[in-house]
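Engineer: Quick one, upload-v5.tsv (TSV, C-alpha atoms and all ligand atoms):
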chain	number	residue	atom	x	y	z
A	1	MET	CA	29.73	13.36	28.48
A	2	GLU	CA	27.55	13.65	25.42
A	3	GLY	CA	26.41	16.72	23.54
A	4	TYR	CA	27.46	20.36	23.50
A	5	THR	CA	29.36	20.03	20.26
A	6	THR	CA	27.30	21.49	17.39
A	7	LEU	CA	25.09	23.23	19.97
A	8	ALA	CA	28.02	25.32	21.23
A	9	ALA	CA	27.95	27.70	18.26
A	10	TYR	CA	24.24	28.43	18.83
A	11	TYR	CA	24.02	28.20	22.61
A	12	ASP	CA	24.25	31.92	23.39
A	13	ARG	CA	21.72	32.84	20.74
A	14	PHE	CA	19.12	30.34	21.83
A	15	VAL	CA	19.64	29.76	25.56
A	16	GLY	CA	17.09	32.38	26.59
A	17	ALA	CA	18.36	32.78	30.16
A	18	ASP	CA	18.34	35.98	32.17
A	19	TYR	CA	22.07	36.09	32.96
A	20	GLU	CA	21.81	39.57	34.44
A	21	GLN	CA	19.37	38.32	37.03
A	22	MET	CA	21.49	35.22	37.73
A	23	VAL	CA	24.66	37.22	38.23
A	24	GLU	CA	22.92	39.78	40.43
A	25	PHE	CA	21.52	36.96	42.58
A	26	ILE	CA	24.93	35.30	42.86
A	27	CYS	CA	26.65	38.59	43.78
A	28	ASP	CA	24.00	39.33	46.43
A	29	LYS	CA	24.54	35.92	48.05
A	30	LEU	CA	28.33	36.21	47.87
A	31	GLN	CA	28.04	39.52	49.66
A	32	ALA	CA	25.46	38.35	52.19
A	33	TYR	CA	27.13	35.09	53.18
A	34	GLY	CA	30.70	35.15	51.92
A	35	LYS	CA	33.82	36.23	53.70
A	36	ASP	CA	35.04	38.77	51.18
A	37	PRO	CA	35.21	36.18	48.36
A	38	SER	CA	37.65	36.86	45.55
A	39	LEU	CA	38.26	33.56	43.72
A	40	ILE	CA	35.28	31.70	42.28
A	41	CYS	CA	35.05	28.47	40.34
A	42	ASP	CA	32.22	28.07	37.81
A	43	ILE	CA	31.48	24.39	37.26
A	44	GLY	CA	29.96	23.60	33.86
A	45	CYS	CA	30.74	27.17	32.83
A	46	GLY	CA	29.81	26.47	29.20
A	47	SER	CA	30.34	29.48	26.98
A	48	GLY	CA	31.36	31.53	30.01
A	49	ASN	CA	28.40	33.91	30.31
A	50	VAL	CA	28.29	33.80	34.11
A	51	THR	CA	32.07	33.36	34.52
A	52	LEU	CA	32.85	36.43	32.46
A	53	ALA	CA	30.07	38.55	33.99
A	54	LEU	CA	31.54	37.80	37.43
A	55	LEU	CA	35.01	38.59	36.10
A	56	GLN	CA	33.68	42.00	35.10
A	57	LYS	CA	32.40	42.44	38.64
A	58	GLY	CA	36.00	42.08	39.84
A	59	PHE	CA	36.25	38.40	40.84
A	60	ASP	CA	39.06	36.11	39.76
A	61	MET	CA	37.44	33.22	37.93
A	62	ILE	CA	38.09	29.60	37.04
A	63	GLY	CA	35.66	28.05	34.58
A	64	ILE	CA	35.49	24.30	34.13
A	65	ASP	CA	33.62	22.48	31.39
A	66	GLY	CA	33.89	19.19	29.54
A	67	SER	CA	33.04	20.61	26.12
A	68	PHE	CA	35.94	22.03	24.07
A	69	GLU	CA	33.41	23.70	21.80
A	70	MET	CA	31.66	25.53	24.66
A	71	LEU	CA	34.99	26.57	26.16
A	72	ASN	CA	36.12	27.83	22.80
A	73	GLU	CA	33.13	30.20	22.77
A	74	ALA	CA	34.14	31.35	26.26
A	75	LEU	CA	37.74	31.94	25.18
A	76	ILE	CA	36.71	34.05	22.19
A	77	LYS	CA	34.75	36.33	24.53
A	78	ARG	CA	37.44	36.35	27.20
A	79	ASP	CA	40.17	37.33	24.78
A	80	SER	CA	38.38	40.53	23.81
A	81	MET	CA	37.86	41.60	27.43
A	82	ASP	CA	39.92	43.85	29.68
A	83	HIS	CA	41.58	41.77	32.41
A	84	GLY	CA	40.47	38.64	30.54
A	85	ASN	CA	43.60	36.88	31.77
A	86	ARG	CA	42.03	36.79	35.24
A	87	ALA	CA	39.68	34.09	33.98
A	88	LEU	CA	41.18	30.64	33.63
A	89	PHE	CA	39.24	28.04	31.65
A	90	LEU	CA	39.92	24.33	32.10
A	91	CYS	CA	38.55	21.46	30.07
A	92	GLN	CA	37.73	18.72	32.56
A	93	GLN	CA	35.12	15.98	32.76
A	94	LEU	CA	32.94	15.97	35.83
A	95	PRO	CA	32.56	14.63	38.40
A	96	GLU	CA	36.34	14.54	38.73
A	97	PHE	CA	37.93	17.95	38.55
A	98	GLU	CA	41.22	19.34	39.68
A	99	LEU	CA	42.09	22.81	40.90
A	100	TYR	CA	45.46	24.21	41.87
A	101	GLY	CA	44.16	25.21	45.29
A	102	THR	CA	41.02	26.10	47.16
A	103	VAL	CA	38.46	28.74	46.15
A	104	ASP	CA	36.07	31.04	48.01
A	105	ALA	CA	32.95	29.97	46.14
A	106	ILE	CA	31.76	27.37	43.66
A	107	ILE	CA	28.84	28.09	41.38
A	108	SER	CA	27.09	25.93	38.80
A	109	THR	CA	24.28	27.39	36.76
A	110	LEU	CA	21.56	26.27	34.34
A	111	ASP	CA	21.10	22.65	35.39
A	112	THR	CA	24.68	21.53	34.84
A	113	ILE	CA	24.27	19.22	37.83
A	114	ASN	CA	21.43	17.38	36.10
A	115	TYR	CA	23.93	16.24	33.46
A	116	ILE	CA	25.54	14.02	36.11
A	117	THR	CA	23.33	11.01	35.58
A	118	ASP	CA	24.87	8.58	38.07
A	119	LYS	CA	24.09	9.20	41.73
A	120	LYS	CA	27.57	8.00	42.75
A	121	ASP	CA	29.11	10.55	40.40
A	122	LEU	CA	26.98	13.29	41.92
A	123	ASP	CA	28.20	12.23	45.35
A	124	ARG	CA	31.75	12.44	44.05
A	125	LEU	CA	31.12	15.92	42.65
A	126	PHE	CA	29.94	17.14	46.05
A	127	TYR	CA	33.01	15.54	47.61
A	128	TRP	CA	35.19	17.67	45.31
A	129	TYR	CA	33.10	20.75	45.99
A	130	ARG	CA	33.76	20.31	49.71
A	131	ASN	CA	37.41	19.50	49.09
A	132	TYR	CA	38.12	22.65	47.07
A	133	LEU	CA	36.18	25.18	49.14
A	134	ASN	CA	37.81	27.37	51.75
A	135	PRO	CA	36.34	27.46	55.26
A	136	ASP	CA	33.16	29.57	54.94
A	137	GLY	CA	33.18	28.79	51.21
A	138	LEU	CA	29.88	29.19	49.37
A	139	LEU	CA	28.21	26.80	46.98
A	140	ILE	CA	25.49	28.17	44.68
A	141	PHE	CA	23.86	25.96	42.06
A	142	ASP	CA	20.54	25.12	40.46
A	143	VAL	CA	18.73	22.02	39.30
A	144	ASN	CA	15.67	21.48	37.13
A	145	SER	CA	12.48	20.73	39.02
A	146	LEU	CA	10.29	17.66	38.60
A	147	TYR	CA	7.59	19.99	37.31
A	148	LYS	CA	9.88	21.13	34.49
A	149	TYR	CA	10.82	17.58	33.50
A	150	GLN	CA	7.26	16.25	33.69
A	151	GLU	CA	5.19	19.13	32.44
A	152	ILE	CA	7.50	21.13	30.18
A	153	LEU	CA	10.25	18.91	28.80
A	154	ASN	CA	8.55	15.51	28.58
A	155	ASN	CA	7.44	14.78	25.00
A	156	ASN	CA	8.41	18.29	24.07
A	157	CYS	CA	9.94	19.56	20.87
A	158	ASP	CA	11.37	23.07	20.73
A	159	VAL	CA	12.29	24.56	17.39
A	160	TYR	CA	14.81	27.34	16.88
A	161	GLU	CA	15.76	28.99	13.67
A	162	ASP	CA	17.56	31.91	12.12
A	163	GLU	CA	18.84	32.54	8.61
A	164	ASN	CA	21.65	29.95	8.88
A	165	VAL	CA	20.32	27.17	11.05
A	166	PHE	CA	17.14	25.33	11.91
A	167	PHE	CA	17.24	23.03	14.87
A	168	CYS	CA	14.85	21.05	16.98
A	169	TRP	CA	15.33	19.86	20.53
A	170	ARG	CA	13.21	16.88	21.52
A	171	SER	CA	13.00	15.69	25.12
A	172	ASN	CA	11.55	12.63	26.84
A	173	PHE	CA	11.44	12.01	30.57
A	174	ASP	CA	10.92	8.59	32.18
A	175	GLY	CA	10.52	9.77	35.77
A	176	LYS	CA	14.25	9.92	36.45
A	177	ILE	CA	16.20	10.30	33.20
A	178	CYS	CA	15.50	12.92	30.57
A	179	ASP	CA	16.80	12.12	27.08
A	180	HIS	CA	17.36	15.07	24.79
A	181	ALA	CA	17.78	14.60	21.03
A	182	LEU	CA	18.96	17.62	19.09
A	183	SER	CA	18.94	17.82	15.29
A	184	PHE	CA	20.67	20.71	13.57
A	185	PHE	CA	20.18	21.68	9.94
A	186	GLU	CA	22.90	24.15	9.03
A	187	ARG	CA	22.74	26.05	5.77
A	188	ASP	CA	25.56	25.33	3.34
A	189	GLY	CA	24.84	27.22	0.12
A	190	ASP	CA	21.62	25.75	-1.27
A	191	CYS	CA	21.73	22.74	1.06
A	192	TYR	CA	21.24	22.06	4.72
A	193	ILE	CA	23.64	19.73	6.50
A	194	ARG	CA	22.16	17.69	9.31
A	195	THR	CA	23.99	16.92	12.55
A	196	ASP	CA	22.51	15.13	15.55
A	197	GLU	CA	23.56	15.20	19.15
A	198	GLU	CA	22.23	13.65	22.30
A	199	GLN	CA	22.21	14.70	25.90
A	200	LYS	CA	21.08	12.92	29.04
A	201	GLN	CA	19.99	14.50	32.29
A	202	CYS	CA	18.89	13.06	35.61
A	203	TYR	CA	16.23	14.50	37.90
A	204	TYR	CA	17.31	14.94	41.53
A	205	SER	CA	14.80	15.70	44.25
A	206	ILE	CA	15.31	18.43	46.83
A	207	GLU	CA	15.74	15.67	49.44
A	208	GLU	CA	18.50	13.96	47.44
A	209	ILE	CA	20.37	17.24	47.15
A	210	LYS	CA	19.85	18.09	50.82
A	211	THR	CA	21.22	14.67	51.79
A	212	LEU	CA	24.40	15.28	49.79
A	213	LEU	CA	24.82	18.76	51.24
A	214	ALA	CA	24.49	17.35	54.75
A	215	LYS	CA	26.87	14.45	53.98
A	216	TYR	CA	29.58	16.88	52.89
A	217	GLN	CA	28.91	19.24	55.78
A	218	PHE	CA	27.26	22.14	54.05
A	219	ASP	CA	24.59	24.27	55.70
A	220	LEU	CA	21.74	25.05	53.34
A	221	LEU	CA	21.20	28.81	53.63
A	222	GLU	CA	18.56	29.35	50.97
A	223	LEU	CA	16.48	27.33	48.53
A	224	ARG	CA	14.88	29.54	45.89
A	225	ASP	CA	12.60	29.63	42.89
A	226	GLY	CA	15.24	30.08	40.19
A	227	TYR	CA	17.36	33.18	40.61
A	228	THR	CA	14.72	35.08	42.57
A	229	ASN	CA	14.37	35.57	46.29
A	230	GLN	CA	11.04	33.73	46.25
A	231	ASP	CA	10.43	30.36	47.87
A	232	PRO	CA	10.01	27.44	45.45
A	233	LYS	CA	6.47	27.00	44.16
A	234	GLU	CA	4.56	24.08	42.71
A	235	LYS	CA	5.38	25.32	39.20
A	236	SER	CA	8.99	26.41	39.79
A	237	GLU	CA	11.07	25.21	36.86
A	238	ARG	CA	14.45	25.73	38.45
A	239	LEU	CA	15.51	25.38	42.09
A	240	THR	CA	18.52	27.29	43.33
A	241	PHE	CA	20.50	26.17	46.37
A	242	VAL	CA	22.75	28.49	48.36
A	243	ALA	CA	24.92	26.57	50.83
A	244	ARG	CA	28.01	27.20	52.91
A	245	VAL	CA	30.70	24.97	54.37
A	246	ARG	CA	29.60	24.24	57.94
A	247	LYS	CA	31.40	26.32	60.53
A	248	GLY	CA	33.74	24.55	62.90
A	249	ASN	CA	34.22	21.71	60.45
A	250	VAL	CA	37.83	20.62	60.68
A	251	GLU	CA	37.74	17.84	58.07
A	301	LIG	C1	23.16	24.05	30.23
A	301	LIG	S1	24.87	24.30	30.04
A	301	LIG	C2	25.17	25.58	31.26
A	301	LIG	C3	26.33	26.44	30.90
A	301	LIG	C4	26.57	27.63	31.82
A	301	LIG	N1	26.67	27.23	33.20
A	301	LIG	C5	25.49	28.68	31.67
A	301	LIG	O1	24.91	29.09	32.68
A	301	LIG	O2	25.27	29.14	30.53
A	301	LIG	C6	25.60	22.88	30.81
A	301	LIG	C7	27.08	22.80	30.67
A	301	LIG	O3	27.54	21.68	31.42
A	301	LIG	C8	28.59	21.05	30.71
A	301	LIG	N2	28.65	19.64	31.13
A	301	LIG	C9	27.64	18.74	31.12
A	301	LIG	N3	28.07	17.55	31.57
A	301	LIG	C10	29.38	17.69	31.88
A	301	LIG	C11	30.38	16.82	32.38
A	301	LIG	N4	30.11	15.54	32.68
A	301	LIG	N5	31.64	17.31	32.56
A	301	LIG	C12	31.92	18.60	32.27
A	301	LIG	N6	31.01	19.48	31.79
A	301	LIG	C13	29.74	19.03	31.60
A	301	LIG	C14	28.19	21.20	29.25
A	301	LIG	O4	29.32	21.08	28.39
A	301	LIG	C15	27.57	22.59	29.25
A	301	LIG	O5	28.51	23.56	28.90
Have the structure of the file written as structure tokens, please.
Structural biologist:
Amino acid sequence: MEGYTTLAAYYDRFVGADYEQMVEFICDKLQAYGKDPSLICDIGCGSGNVTLALLQKGFDMIGIDGSFEMLNEALIKRDSMDHGNRALFLCQQLPEFELYGTVDAIISTLDTINYITDKKDLDRLFYWYRNYLNPDGLLIFDVNSLYKYQEILNNNCDVYEDENVFFCWRSNFDGKICDHALSFFERDGDCYIRTDEEQKQCYYSIEEIKTLLAKYQFDLLELRDGYTNQDPKEKSERLTFVARVRKGNVE
């Protein structure tokens, strides 16, 4: 995977996501559809914001991410928390990932799935999701919408700055792949040091995701506009899927 090296140090400051809302949504769905879930795996956990918020809610957590730098941010936070040792962080490259056993729920937030740019790899990821979920296990994840790629990210340049860093995030979308180019200018005394990193994401339609869910015997329980209980709209930027391992499935 590319990216999430220099970005890691600035991710929490600039991500601009409503983690409280995300975690509340996830907890509501775990309660509504889960069978008393206790162990949750957070795929593409990044700097651990969702993982550690769920830990604080009393769940045992496993966070998986391919970026050492992002995981390092998660570990710093974990190590200052009570019961932090109930969160295990593993550095693994998707789509392959390995757990010690099965879990009650898998979550994946903030378009981590869009970073899987090969359809066969995405299929493989869903295979592992199915493999590592207990019967009645829940799968909750989001993807970026076509609207977001076409109307918000395409040909876009976001600029972020504070007293120590200036960085710009440029994005281009070709209808399927979105290329992100990030340039960081970090203050070093009287100079700024430039670092560049690239990321690639792939747009997946609702139908593509539904096909994979069906292939790996998940029932789709809810499809939402982000982390709200609203149906997706024309201008939804993020689509959240709540699915459960199909009952009676003996595979
Ligand atoms: C947008 S961040 C989301 C982080 C976190 N889920 C959150 O809600 O803040 C995407 C994360 O996916 C991870 N990621 C992207 N591609 C990956 C891959 N192929 N293998 C493992 N991790 C990957 C990145 O390192 C990054 O931490």
Engineer: What does the distance from CA of Gly63 (chain A) to CA of Ser108 (chain A) come to in Å, to one decimal?
Structural biologist: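 Separation between CA of Gly63 (chain A) and CA of Ser108 (chain A): 9.8 Å.
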Engineer: Go through A:Phe241, A:Tyr149, A:Phe141, A:Tyr127 and flag the residue nearest ligand LIG 301 (chain A), using only C-alpha atoms and all ligand atoms for the distances.
Structural biologist: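 Checking each candidate against ligand LIG 301 (chain A), we get A:Phe141 as the closest.
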Engineer: Would you mind listing what lies within 12 Å of Lys235 (chain A) as a list of chain:residue names, with all atoms listed in the file counted and same-chain residues fewer than 3 positions away left out?
Structural biologist: A:Asn144, A:Ser145, A:Leu146, A:Tyr147, A:Lys148, A:Tyr149, A:Gln150, A:Glu151, A:Ile152, A:Asp225, A:Gly226, A:Asp231, A:Pro232, A:Arg238, A:Leu239
Engineer: What are the nearest atom pairs, with distances in Å to one decimal, for all residues of region 111-187 of chain A that come at most 8 Å from region 22-34 of chain A, using all atoms listed in the file, set out by chain and rising residue number as a tab-separated table?
Structural biologist:
residue	atom	partner	partner_atom	distance
A:Asp136	CA	A:Gly34	CA	6.8
A:Gly137	CA	A:Gly34	CA	6.9
A:Leu138	CA	A:Gly34	CA	6.5
A:Ile140	CA	A:Ile26	CA	7.4
Engineer: Keeping C-alpha atoms for every residue in the selection just given, could you write it to a file as a tab-separated table (two decimals), in the frame of the given file?
Structural biologist:
chain	number	residue	atom	x	y	z
A	136	ASP	CA	33.16	29.57	54.94
A	137	GLY	CA	33.18	28.79	51.21
A	138	LEU	CA	29.88	29.19	49.37
A	140	ILE	CA	25.49	28.17	44.68
Engineer: Would you work out the distance separating CA of Tyr115 (chain A) from CA of Leu182 (chain A), expressed in Å to one decimal?
Structural biologist: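 CA of Tyr115 (chain A) sits 15.3 Å away from CA of Leu182 (chain A).
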Engineer: Give as a PyMOL selection string the residues surrounding ligand LIG 301 (chain A) up to a distance of 7 Å, considering all atoms listed in the file.
Structural biologist: chain A and resi 1+4+43-50+64-67+70+92-95+108-112+115-116
Engineer: List the spatial neighbours of Gln201 (chain A) as a PyMOL selection string - criterion: any atom at most 6 Å away, all atoms listed in the file, same-chain residues fewer than 3 positions off excluded.
Structural biologist: chain A and resi 114-115+117+177-178
Engineer: How far is it from CA of Ile193 (chain A) to CA of Ala181 (chain A), in Å with one decimal?
Structural biologist: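 The value is 16.5 Å.
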Engineer: What's around Asp158 (chain A) at 7 Å? Count only C-alpha atoms, leave out sequence neighbours fewer than 5 positions away in its own chain, and write the answer as a list in words.
Structural biologist: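 What passes the distance filter is Cys168, Trp169 and Arg170 of chain A.
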Engineer: As a PyMOL selection string, please: the residues near Ser183 (chain A) (cut-off 6 Å, all atoms listed in the file, same-chain neighbours under 5 positions excluded).
Structural biologist: chain A and resi 167-168+195-196
Engineer: Taking into account all atoms listed in the file, which residue in the set A:Gln56, A:Ser205, A:Thr228, A:Gln21 is nearest to Ala87 (chain A)?
Structural biologist: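 Looking at the shortest contact to Ala87 (chain A), the residue is A:Gln56.
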Engineer: Go ahead and find all residues with at least one atom no further than 12 Å from (24.8, 8.0, 45.4) in the file's coordinates, using only C-alpha atoms; report them as a ChimeraX atom specification.
Structural biologist: /A:116-127,204,208-209,211-212,215
Engineer: Would you put the residues from that selection into a file with C-alpha atoms, as a tab-separated table (two decimals), in the coordinates of the input?
Structural biologist:
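In the end it all went to again-v1.tsv:
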chain	number	residue	atom	x	y	z
A	116	ILE	CA	25.54	14.02	36.11
A	117	THR	CA	23.33	11.01	35.58
A	118	ASP	CA	24.87	8.58	38.07
A	119	LYS	CA	24.09	9.20	41.73
A	120	LYS	CA	27.57	8.00	42.75
A	121	ASP	CA	29.11	10.55	40.40
A	122	LEU	CA	26.98	13.29	41.92
A	123	ASP	CA	28.20	12.23	45.35
A	124	ARG	CA	31.75	12.44	44.05
A	125	LEU	CA	31.12	15.92	42.65
A	126	PHE	CA	29.94	17.14	46.05
A	127	TYR	CA	33.01	15.54	47.61
A	204	TYR	CA	17.31	14.94	41.53
A	208	GLU	CA	18.50	13.96	47.44
A	209	ILE	CA	20.37	17.24	47.15
A	211	THR	CA	21.22	14.67	51.79
A	212	LEU	CA	24.40	15.28	49.79
A	215	LYS	CA	26.87	14.45	53.98
Engineer: Using all atoms listed in the file, which residue out of A:Asp104, A:Glu2, A:Asp188, A:Glu161 lies closest to Val245 (chain A)?
Structural biologist: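 Smallest distance to Val245 (chain A) is found for A:Asp104.
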Engineer: Looking at only C-alpha atoms, which of A:Arg244, A:Lys176, A:Arg187, A:Lys57 is the one that sits closest to Arg86 (chain A)?
Structural biologist: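 With only C-alpha atoms as the atom set, the closest residue is A:Lys57.
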Engineer: Which residue is closest to Ala53 (chain A)? Choose from A:Leu71, A:Met81, A:Leu220, A:Leu39 and count only C-alpha atoms.
Structural biologist: A:Met81
Engineer: Where atoms are absent from region 169-184 of chain A, fill them in so it carries N, CA, C and O atoms, then output it as a short mmCIF file (atom, residue, chain, number, x, y, z; two decimals), keeping the file's coordinate frame.
Structural biologist:
data_model
loop_
_atom_site.label_atom_id
_atom_site.label_comp_id
_atom_site.auth_asym_id
_atom_site.auth_seq_id
_atom_site.Cartn_x
_atom_site.Cartn_y
_atom_site.Cartn_z
N TRP A 169 14.84 20.43 19.27
CA TRP A 169 15.33 19.86 20.53
C TRP A 169 14.16 19.06 21.12
O TRP A 169 13.20 19.64 21.60
N ARG A 170 14.29 17.74 21.01
CA ARG A 170 13.21 16.88 21.52
C ARG A 170 13.61 16.27 22.85
O ARG A 170 14.78 15.86 23.02
N SER A 171 12.68 16.20 23.78
CA SER A 171 13.00 15.69 25.12
C SER A 171 11.96 14.67 25.56
O SER A 171 10.77 14.83 25.28
N ASN A 172 12.44 13.64 26.25
CA ASN A 172 11.55 12.63 26.84
C ASN A 172 12.03 12.30 28.24
O ASN A 172 13.24 12.08 28.44
N PHE A 173 11.10 12.22 29.16
CA PHE A 173 11.44 12.01 30.57
C PHE A 173 10.75 10.74 31.05
O PHE A 173 9.54 10.57 30.83
N ASP A 174 11.52 9.85 31.72
CA ASP A 174 10.92 8.59 32.18
C ASP A 174 10.65 8.57 33.69
O ASP A 174 10.44 7.51 34.26
N GLY A 175 10.71 9.72 34.32
CA GLY A 175 10.52 9.77 35.77
C GLY A 175 11.82 10.00 36.50
O GLY A 175 11.83 10.46 37.64
N LYS A 176 12.94 9.68 35.85
CA LYS A 176 14.25 9.92 36.45
C LYS A 176 15.23 10.51 35.42
O LYS A 176 15.93 11.47 35.68
N ILE A 177 15.26 9.86 34.25
CA ILE A 177 16.20 10.30 33.20
C ILE A 177 15.45 11.06 32.11
O ILE A 177 14.37 10.65 31.67
N CYS A 178 16.05 12.15 31.68
CA CYS A 178 15.50 12.92 30.57
C CYS A 178 16.46 12.81 29.38
O CYS A 178 17.64 13.19 29.50
N ASP A 179 15.99 12.23 28.30
CA ASP A 179 16.80 12.12 27.08
C ASP A 179 16.48 13.30 26.17
O ASP A 179 15.31 13.57 25.88
N HIS A 180 17.54 13.96 25.72
CA HIS A 180 17.36 15.07 24.79
C HIS A 180 17.98 14.67 23.45
O HIS A 180 19.13 14.21 23.42
N ALA A 181 17.25 14.86 22.38
CA ALA A 181 17.78 14.60 21.03
C ALA A 181 17.73 15.90 20.25
O ALA A 181 16.65 16.50 20.10
N LEU A 182 18.89 16.35 19.80
CA LEU A 182 18.96 17.62 19.09
C LEU A 182 19.34 17.35 17.63
O LEU A 182 20.29 16.60 17.37
N SER A 183 18.60 17.94 16.71
CA SER A 183 18.94 17.82 15.29
C SER A 183 19.13 19.21 14.71
O SER A 183 18.24 20.05 14.82
N PHE A 184 20.32 19.40 14.14
CA PHE A 184 20.67 20.71 13.57
C PHE A 184 20.66 20.59 12.05
O PHE A 184 21.18 19.62 11.49
#
